[in-house]
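S.K.: Here you go, target10.csv (CSV, C-alpha atoms):
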chain,number,residue,atom,x,y,z
A,742,ASP,CA,8.0,11.7,10.0
A,743,GLN,CA,5.0,11.2,7.8
A,744,GLN,CA,6.0,12.1,4.2
A,745,VAL,CA,2.5,11.4,2.7
A,746,LYS,CA,-0.5,12.7,4.5
A,747,GLN,CA,-4.2,12.1,3.9
A,748,ASN,CA,-5.8,14.5,6.4
A,749,SER,CA,-9.4,13.3,6.0
A,750,PRO,CA,-9.9,9.9,7.6
A,751,SER,CA,-13.4,9.7,6.0
A,752,LEU,CA,-15.6,11.3,3.4
A,753,SER,CA,-19.3,10.8,2.6
A,754,VAL,CA,-20.9,11.8,-0.6
A,755,GLN,CA,-24.2,11.2,-2.5
A,756,GLU,CA,-24.4,8.9,-5.4
A,757,GLY,CA,-23.9,10.8,-8.7
A,758,ARG,CA,-22.0,13.7,-7.1
A,759,ILE,CA,-18.2,14.3,-7.2
A,760,SER,CA,-15.9,12.8,-4.6
A,761,ILE,CA,-12.6,14.6,-4.0
A,762,LEU,CA,-9.9,12.9,-2.0
A,763,ASN,CA,-6.8,14.9,-1.0
A,764,CYS,CA,-3.2,14.0,-0.3
A,765,ASP,CA,-0.2,16.1,0.7
A,766,TYR,CA,3.4,15.2,0.6
A,767,THR,CA,6.7,16.7,1.9
A,768,ASN,CA,9.4,15.1,-0.2
A,769,SER,CA,10.0,16.9,-3.5
A,770,MET,CA,12.0,14.0,-4.7
A,771,PHE,CA,9.0,11.8,-5.2
A,772,ASP,CA,8.7,11.1,-8.9
A,773,TYR,CA,5.4,9.2,-9.2
A,774,PHE,CA,2.2,9.3,-7.3
A,775,LEU,CA,-0.4,6.5,-7.2
A,776,TRP,CA,-3.8,5.9,-5.8
A,777,TYR,CA,-5.0,2.5,-4.5
A,778,LYS,CA,-8.4,1.4,-3.5
A,779,LYS,CA,-9.1,-1.2,-0.8
A,780,TYR,CA,-12.2,-3.1,0.1
A,781,PRO,CA,-12.4,-4.9,3.5
A,782,ALA,CA,-10.6,-8.2,3.7
A,783,GLU,CA,-8.9,-7.6,0.3
A,784,GLY,CA,-5.5,-6.2,-0.7
A,785,PRO,CA,-5.3,-2.7,-2.2
A,786,THR,CA,-5.7,-2.5,-5.9
A,787,PHE,CA,-4.0,0.0,-8.2
A,788,LEU,CA,-6.4,2.7,-9.4
A,789,ILE,CA,-4.5,5.5,-11.2
A,790,SER,CA,-1.1,7.2,-11.2
A,791,ILE,CA,0.5,10.4,-12.3
A,792,SER,CA,4.1,11.3,-13.0
A,793,SER,CA,5.6,14.2,-11.3
A,794,ILE,CA,6.1,15.9,-14.7
A,795,LYS,CA,2.4,16.0,-15.3
A,796,ASP,CA,-0.4,17.9,-13.7
A,797,LYS,CA,-3.4,15.8,-14.6
A,798,ASN,CA,-4.2,12.2,-15.6
A,799,GLU,CA,-7.6,10.9,-16.4
A,800,ASP,CA,-9.0,7.4,-16.6
A,801,GLY,CA,-12.8,7.1,-17.1
A,802,ARG,CA,-14.5,8.5,-14.0
A,803,PHE,CA,-11.2,9.0,-12.2
A,804,THR,CA,-8.9,12.0,-12.5
A,805,VAL,CA,-5.8,12.8,-10.5
A,806,PHE,CA,-4.5,16.3,-10.3
A,807,LEU,CA,-1.0,17.2,-9.1
A,808,ASN,CA,0.1,20.6,-7.8
A,809,LYS,CA,3.8,20.3,-7.4
A,810,SER,CA,4.3,23.8,-6.0
A,811,ALA,CA,1.8,23.1,-3.2
A,812,LYS,CA,3.0,19.4,-2.9
A,813,HIS,CA,-0.6,18.4,-3.2
A,814,LEU,CA,-2.6,15.9,-5.2
A,815,SER,CA,-6.2,15.0,-5.4
A,816,LEU,CA,-8.3,12.2,-6.8
A,817,HIS,CA,-11.7,13.2,-8.4
A,818,ILE,CA,-14.4,10.6,-8.9
A,819,VAL,CA,-17.2,11.7,-11.1
A,820,PRO,CA,-19.9,10.5,-10.9
A,821,SER,CA,-19.6,8.7,-7.6
A,822,GLN,CA,-21.2,5.3,-7.3
A,823,PRO,CA,-22.0,3.1,-4.3
A,824,GLY,CA,-19.4,0.6,-5.5
A,825,ASP,CA,-16.7,3.2,-5.0
A,826,SER,CA,-17.2,3.0,-1.3
A,827,ALA,CA,-13.8,1.8,0.0
A,828,VAL,CA,-10.6,3.0,1.6
A,829,TYR,CA,-8.4,5.1,-0.8
A,830,PHE,CA,-4.7,5.2,-0.2
A,831,CYS,CA,-2.4,7.8,-1.7
A,832,ALA,CA,1.2,6.6,-2.4
A,833,ALA,CA,4.4,8.3,-3.5
A,834,ARG,CA,7.4,6.7,-5.2
A,835,LEU,CA,11.0,7.5,-4.5
A,836,ASN,CA,13.7,6.3,-6.8
A,837,SER,CA,16.7,5.2,-4.6
A,838,GLY,CA,18.8,4.5,-7.6
A,839,GLY,CA,18.8,1.9,-10.4
A,840,SER,CA,15.6,-0.1,-10.2
A,841,ASN,CA,15.3,0.4,-6.4
A,842,TYR,CA,12.0,2.2,-5.8
A,843,LYS,CA,10.2,2.7,-2.5
A,844,LEU,CA,6.5,3.5,-2.1
A,845,THR,CA,5.3,5.5,0.9
A,846,PHE,CA,1.6,5.3,1.7
A,847,GLY,CA,-0.7,7.7,3.4
A,848,LYS,CA,-3.1,6.5,6.1
A,849,GLY,CA,-6.0,6.3,3.8
A,850,THR,CA,-9.4,7.9,3.5
A,851,LEU,CA,-12.7,5.9,3.9
A,852,LEU,CA,-15.1,7.0,1.1
A,853,THR,CA,-18.7,6.2,1.6
A,854,VAL,CA,-21.1,6.8,-1.4
A,855,ASN,CA,-24.7,6.9,-0.3
A,856,PRO,CA,-27.4,5.8,-2.7
B,1420,LYS,CA,-2.0,-15.2,-14.6
B,1421,ALA,CA,-2.1,-16.0,-10.9
B,1422,GLY,CA,-2.0,-13.1,-8.5
B,1423,VAL,CA,-0.1,-12.7,-5.3
B,1424,THR,CA,-0.9,-15.5,-2.9
B,1425,GLN,CA,-0.6,-15.1,0.9
B,1426,THR,CA,-1.0,-17.9,3.4
B,1427,PRO,CA,-2.6,-18.3,5.8
B,1428,ARG,CA,-5.5,-15.9,5.4
B,1429,TYR,CA,-6.3,-15.8,9.2
B,1430,LEU,CA,-4.2,-16.6,12.2
B,1431,ILE,CA,-4.7,-16.4,15.9
B,1432,LYS,CA,-1.7,-16.5,18.2
B,1433,THR,CA,-0.9,-16.0,21.8
B,1434,ARG,CA,1.3,-13.3,23.2
B,1435,GLY,CA,4.9,-14.4,23.3
B,1436,GLN,CA,4.6,-16.9,20.4
B,1437,GLN,CA,6.2,-16.5,17.0
B,1438,VAL,CA,4.5,-16.6,13.6
B,1439,THR,CA,5.6,-17.1,10.0
B,1440,LEU,CA,3.6,-15.7,7.1
B,1441,SER,CA,4.1,-16.7,3.5
B,1442,CYS,CA,3.8,-14.8,0.2
B,1443,SER,CA,4.1,-16.2,-3.3
B,1444,PRO,CA,4.5,-13.3,-5.8
B,1445,ILE,CA,3.3,-13.1,-9.4
B,1446,SER,CA,5.4,-15.2,-11.7
B,1447,GLY,CA,8.4,-13.2,-12.9
B,1448,HIS,CA,8.2,-10.6,-10.2
B,1449,ARG,CA,11.4,-10.4,-8.3
B,1450,SER,CA,10.6,-7.7,-5.7
B,1451,VAL,CA,8.4,-8.6,-2.7
B,1452,SER,CA,7.4,-6.0,-0.1
B,1453,TRP,CA,5.6,-6.4,3.2
B,1454,TYR,CA,3.3,-3.9,4.8
B,1455,GLN,CA,1.4,-3.8,8.1
B,1456,GLN,CA,-2.1,-2.3,8.1
B,1457,THR,CA,-3.8,-1.1,11.3
B,1458,PRO,CA,-6.9,1.1,11.6
B,1459,GLY,CA,-5.0,4.1,13.0
B,1460,GLN,CA,-1.7,3.9,11.0
B,1461,GLY,CA,-2.7,2.9,7.5
B,1462,LEU,CA,-0.1,1.0,5.5
B,1463,GLN,CA,3.3,0.9,7.1
B,1464,PHE,CA,6.2,-0.4,5.3
B,1465,LEU,CA,8.1,-3.4,6.9
B,1466,PHE,CA,10.7,-4.4,4.3
B,1467,GLU,CA,11.4,-5.2,0.7
B,1468,TYR,CA,13.3,-8.1,-0.8
B,1469,PHE,CA,14.8,-8.2,-4.2
B,1470,SER,CA,16.6,-11.2,-5.6
B,1471,GLU,CA,16.9,-12.8,-2.1
B,1472,THR,CA,18.4,-9.6,-0.6
B,1473,GLN,CA,16.7,-7.2,1.8
B,1474,ARG,CA,16.8,-3.9,-0.2
B,1475,ASN,CA,14.7,-1.6,2.0
B,1476,LYS,CA,13.6,-1.7,5.6
B,1477,GLY,CA,11.0,0.3,7.5
B,1478,ASN,CA,11.0,1.4,11.2
B,1479,PHE,CA,10.0,-1.8,12.9
B,1480,PRO,CA,11.7,-3.6,15.7
B,1481,GLY,CA,14.0,-6.5,15.1
B,1482,ARG,CA,11.3,-8.9,16.1
B,1483,PHE,CA,10.1,-8.5,12.6
B,1484,SER,CA,12.2,-10.3,10.0
B,1485,GLY,CA,11.9,-11.7,6.6
B,1486,ARG,CA,13.6,-13.6,3.8
B,1487,GLN,CA,13.2,-14.4,0.2
B,1488,PHE,CA,13.9,-17.6,-1.6
B,1489,SER,CA,15.4,-18.2,-5.0
B,1490,ASN,CA,12.0,-18.7,-6.5
B,1491,SER,CA,11.1,-15.2,-5.2
B,1492,ARG,CA,8.6,-16.6,-2.6
B,1493,SER,CA,9.0,-14.7,0.7
B,1494,GLU,CA,8.3,-15.3,4.3
B,1495,MET,CA,8.1,-12.9,7.2
B,1496,ASN,CA,8.5,-13.8,10.8
B,1497,VAL,CA,7.4,-12.1,13.9
B,1498,SER,CA,8.9,-13.3,17.2
B,1499,THR,CA,7.7,-12.7,20.8
B,1500,LEU,CA,4.3,-11.5,19.6
B,1501,GLU,CA,2.7,-8.6,21.3
B,1502,LEU,CA,-1.0,-7.6,21.4
B,1503,GLY,CA,-0.1,-4.6,19.2
B,1504,ASP,CA,1.1,-6.8,16.4
B,1505,SER,CA,-2.5,-7.7,15.6
B,1506,ALA,CA,-3.0,-6.4,12.1
B,1507,LEU,CA,-3.5,-7.2,8.5
B,1508,TYR,CA,-0.2,-8.1,6.9
B,1509,LEU,CA,0.0,-7.4,3.2
B,1510,CYS,CA,2.5,-8.6,0.7
B,1511,ALA,CA,3.1,-6.9,-2.6
B,1512,SER,CA,5.1,-8.0,-5.6
B,1513,SER,CA,6.4,-6.0,-8.5
B,1514,PRO,CA,8.6,-6.4,-11.5
B,1515,ALA,CA,12.0,-4.9,-11.2
B,1516,GLY,CA,11.0,-1.6,-12.7
B,1517,LEU,CA,8.0,-0.8,-10.5
B,1518,VAL,CA,6.6,1.6,-13.1
B,1519,TYR,CA,2.9,1.2,-12.1
B,1520,GLY,CA,3.3,0.1,-8.6
B,1521,TYR,CA,2.8,-3.1,-6.7
B,1522,THR,CA,0.2,-5.9,-6.9
B,1523,PHE,CA,-1.0,-6.8,-3.5
B,1524,GLY,CA,-2.2,-10.0,-2.1
B,1525,SER,CA,-5.3,-10.3,0.0
B,1526,GLY,CA,-3.3,-10.3,3.2
B,1527,THR,CA,-3.0,-12.4,6.4
B,1528,ARG,CA,-5.1,-11.2,9.3
B,1529,LEU,CA,-3.1,-11.8,12.5
B,1530,THR,CA,-4.8,-11.7,15.8
B,1531,VAL,CA,-2.7,-11.8,19.0
B,1532,VAL,CA,-4.6,-12.7,22.2
Could I get this structure in the form of C-alpha cells?
M.R.:
Amino acid sequence: DQQVKQNSPSLSVQEGRISILNCDYTNSMFDYFLWYKKYPAEGPTFLISISSIKDKNEDGRFTVFLNKSAKHLSLHIVPSQPGDSAVYFCAARLNSGGSNYKLTFGKGTLLTVNP
Amino acid sequence: KAGVTQTPRYLIKTRGQQVTLSCSPISGHRSVSWYQQTPGQGLQFLFEYFSETQRNKGNFPGRFSGRQFSNSRSEMNVSTLELGDSALYLCASSPAGLVYGYTFGSGTRLTVV
C-alpha cells in the first residue's frame, strides 16, 4: 500500500522555465510534507517543507503547494537551472505519538534541466 | 558540525554471505533510520532506532536487522544475502523532535554477486 505516490518517474524541462513536480498521498493523518533532492552517489538533502495547516511555502526559487482536499502537493522550481537536475523525493510525516514520527517517501522523480 | 557518516561506502558480497553496515549520526541526534534505495522502488523504510530501541519497522524480511549503541551509532545487518539485496542503503539521523526531517548520510552501495 503506497501512501505517497509520485506518478511521474521523470521530467525534462528547459533552463529558465518552470519545473513542476507532483505528489499524491492517501493518509489524511500526515501532518508535514517534505521534499528532498538527491544527486547520484549522495544521500538525499532536505529542500523545503510544508505543514498540513498551510497551503503554500516559498523559499527562493522553490515553492511547495498543498491541496489537502485533493491530497496533492506540488513543488515548483522557478527558474529551473541545470544544477537542479536530480531525483526529487516527496515525503510525508506521520506522528505516532510523543516524539515518534515516521517519514514515508515516494519513489522519486528524476528532473533533467536542459541548458 | 560533522554530518552523518556511513561506512563502508562500497561493498561487494557473494550470495549467501552476511554483511554489516555502520552509521554514525550527527552528534546529539538520538534517532537513526535506515532506508533501502533501488531504482524501481525509491526509498523504502527498513527500521528506526531511538535510544537503543527499535521504534518503527518496515516490511522487510527478518534477514534484515539492526541495533543502536549507547552513543547512538547504529549498525544494520543483512544475513543470507540475495541478489535482490543489491541497493544503496541510506542512514538518516534526526533529533528527537523530527521537525524538519532527517539528515541523510551518503549511503553504502551494496552489490551482491
S.K.: Here is a test: counting all atoms listed in the file, which residue of B:Thr1426, B:Ser1513, B:Gln1436, B:Gln1463 is nearest to chain A?
M.R.: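 Smallest separation from chain A among the options: B:Gln1463.
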S.K.: Got a sec: who's within 8 Å of A:Trp776, counting only C-alpha atoms, leaving out chain neighbours fewer than 2 positions off, as a ChimeraX atom specification?
M.R.: /A:774,778,787-790,816,829-832
S.K.: Could you list, with a cut-off of 10 Å and counting only C-alpha atoms, the residues of chain B near chain A, each shown with its nearest atom pair and the distance in Å rounded to one decimal, rows sorted by chain and ascending number, as a tab-separated table?
M.R.:
residue	atom	partner	partner_atom	distance
B:Val1423	CA	A:Gly784	CA	9.6
B:Arg1428	CA	A:Ala782	CA	9.4
B:Ser1450	CA	A:Asn841	CA	9.4
B:Ser1452	CA	A:Lys843	CA	9.4
B:Tyr1454	CA	A:Phe846	CA	9.9
B:Gln1456	CA	A:Lys848	CA	9.1
B:Thr1457	CA	A:Lys848	CA	9.2
B:Pro1458	CA	A:Lys848	CA	8.6
B:Gly1459	CA	A:Lys848	CA	7.5
B:Gln1460	CA	A:Lys848	CA	5.7
B:Gly1461	CA	A:Lys848	CA	3.9
B:Leu1462	CA	A:Phe846	CA	6.0
B:Gln1463	CA	A:Phe846	CA	7.2
B:Phe1464	CA	A:Thr845	CA	7.4
B:Phe1466	CA	A:Lys843	CA	9.8
B:Glu1467	CA	A:Lys843	CA	8.6
B:Phe1469	CA	A:Asn841	CA	8.9
B:Arg1474	CA	A:Asn841	CA	7.7
B:Asn1475	CA	A:Lys843	CA	7.7
B:Lys1476	CA	A:Lys843	CA	9.8
B:Leu1507	CA	A:Ala782	CA	8.6
B:Tyr1508	CA	A:Gly784	CA	9.5
B:Leu1509	CA	A:Gly784	CA	6.8
B:Cys1510	CA	A:Gly784	CA	8.5
B:Ala1511	CA	A:Gly784	CA	8.8
B:Pro1514	CA	A:Ser840	CA	9.5
B:Ala1515	CA	A:Ser840	CA	6.1
B:Gly1516	CA	A:Ser840	CA	5.4
B:Leu1517	CA	A:Tyr842	CA	6.9
B:Val1518	CA	A:Tyr773	CA	8.6
B:Tyr1519	CA	A:Ser790	CA	7.3
B:Gly1520	CA	A:Phe787	CA	7.3
B:Tyr1521	CA	A:Phe787	CA	7.6
B:Thr1522	CA	A:Thr786	CA	6.9
B:Phe1523	CA	A:Gly784	CA	5.3
B:Gly1524	CA	A:Gly784	CA	5.2
B:Ser1525	CA	A:Gly784	CA	4.2
B:Gly1526	CA	A:Gly784	CA	6.1
B:Thr1527	CA	A:Ala782	CA	9.1
B:Arg1528	CA	A:Ala782	CA	8.4
S.K.: If you measure from atom CA of B:Thr1472 to atom CA of A:Gln743, what distance in Å do you get, rounded to one decimal?
M.R.: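 We find that atom CA of B:Thr1472 and atom CA of A:Gln743 lie 26.1 Å from each other.
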S.K.: Please return as a PyMOL selection string every residue within 6 Å of (4.7, -13.2, -4.1), taking into account only C-alpha atoms and the file's own coordinates.
M.R.: chain B and resi 1423+1442-1445+1492+1512
S.K.: Any chance you can output those residues with C-alpha atoms as a compact mmCIF listing (two decimals), in the coordinates of the input?
M.R.:
# COMPACT_ATOMS: atom_id res chain seq x y z
CA VAL B 1423 -0.10 -12.70 -5.30
CA CYS B 1442 3.80 -14.80 0.20
CA SER B 1443 4.10 -16.20 -3.30
CA PRO B 1444 4.50 -13.30 -5.80
CA ILE B 1445 3.30 -13.10 -9.40
CA ARG B 1492 8.60 -16.60 -2.60
CA SER B 1512 5.10 -8.00 -5.60
S.K.: Tell me which protein, DNA and RNA residues are within 8 Å of stretch 1499-1506 of chain B, counting only C-alpha atoms, leaving out same-chain ones fewer than 3 positions away, and put them as a PyMOL selection string.
M.R.: chain B and resi 1432-1438+1455-1457+1482+1528-1532
S.K.: Using all atoms listed in the file and a cutoff of 12 Å, can you tell me which residues are near (-4.4, 17.8, -15.4) in the file's coordinates, and write them out as an mmCIF file with C-alpha atoms, in the frame of the given file?
M.R.:
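Wrote selection07.cif, looks like this:
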data_model
loop_
_atom_site.group_PDB
_atom_site.id
_atom_site.type_symbol
_atom_site.label_atom_id
_atom_site.label_comp_id
_atom_site.auth_asym_id
_atom_site.auth_seq_id
_atom_site.Cartn_x
_atom_site.Cartn_y
_atom_site.Cartn_z
ATOM 1 C CA SER A 790 -1.100 7.200 -11.200
ATOM 2 C CA ILE A 791 0.500 10.400 -12.300
ATOM 3 C CA SER A 792 4.100 11.300 -13.000
ATOM 4 C CA SER A 793 5.600 14.200 -11.300
ATOM 5 C CA ILE A 794 6.100 15.900 -14.700
ATOM 6 C CA LYS A 795 2.400 16.000 -15.300
ATOM 7 C CA ASP A 796 -0.400 17.900 -13.700
ATOM 8 C CA LYS A 797 -3.400 15.800 -14.600
ATOM 9 C CA ASN A 798 -4.200 12.200 -15.600
ATOM 10 C CA GLU A 799 -7.600 10.900 -16.400
ATOM 11 C CA ASP A 800 -9.000 7.400 -16.600
ATOM 12 C CA PHE A 803 -11.200 9.000 -12.200
ATOM 13 C CA THR A 804 -8.900 12.000 -12.500
ATOM 14 C CA VAL A 805 -5.800 12.800 -10.500
ATOM 15 C CA PHE A 806 -4.500 16.300 -10.300
ATOM 16 C CA LEU A 807 -1.000 17.200 -9.100
ATOM 17 C CA ASN A 808 0.100 20.600 -7.800
ATOM 18 C CA LYS A 809 3.800 20.300 -7.400
ATOM 19 C CA LEU A 814 -2.600 15.900 -5.200
ATOM 20 C CA SER A 815 -6.200 15.000 -5.400
ATOM 21 C CA LEU A 816 -8.300 12.200 -6.800
ATOM 22 C CA HIS A 817 -11.700 13.200 -8.400
#
S.K.: Can you tell me how far atom CA of B:Asn1478 sits from atom CA of B:Ser1498, in Å to one decimal?
M.R.: 16.0 Å
S.K.: Rounded to one decimal, what separation in Å do you get between atom CA of B:Arg1449 and atom CA of B:Met1495?
M.R.: 16.0 Å
S.K.: When you count all atoms listed in the file, which of these residues is closest to A:Asp825: A:Ser769, A:Ser810, A:Ser753, A:Asn763?
M.R.: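 Looking only at the distances to A:Asp825, the closest residue turns out to be A:Ser753.
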S.K.: Leaving out A:Val854 and any residue of its chain fewer than 2 positions from it, which residues lie within 7 Å of it when counting all atoms listed in the file, given as a PDB file with C-alpha atoms, keeping the file's coordinate frame?
M.R.:
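selection.pdb, freshly written:
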ATOM      1  CA  SER A 753     -19.300  10.800   2.600  1.00  0.00           C
ATOM      2  CA  VAL A 754     -20.900  11.800  -0.600  1.00  0.00           C
ATOM      3  CA  GLN A 755     -24.200  11.200  -2.500  1.00  0.00           C
ATOM      4  CA  GLU A 756     -24.400   8.900  -5.400  1.00  0.00           C
ATOM      5  CA  SER A 821     -19.600   8.700  -7.600  1.00  0.00           C
ATOM      6  CA  GLN A 822     -21.200   5.300  -7.300  1.00  0.00           C
ATOM      7  CA  PRO A 823     -22.000   3.100  -4.300  1.00  0.00           C
ATOM      8  CA  ASP A 825     -16.700   3.200  -5.000  1.00  0.00           C
ATOM      9  CA  SER A 826     -17.200   3.000  -1.300  1.00  0.00           C
ATOM     10  CA  LEU A 852     -15.100   7.000   1.100  1.00  0.00           C
ATOM     11  CA  PRO A 856     -27.400   5.800  -2.700  1.00  0.00           C
TER      12      PRO A 856
END
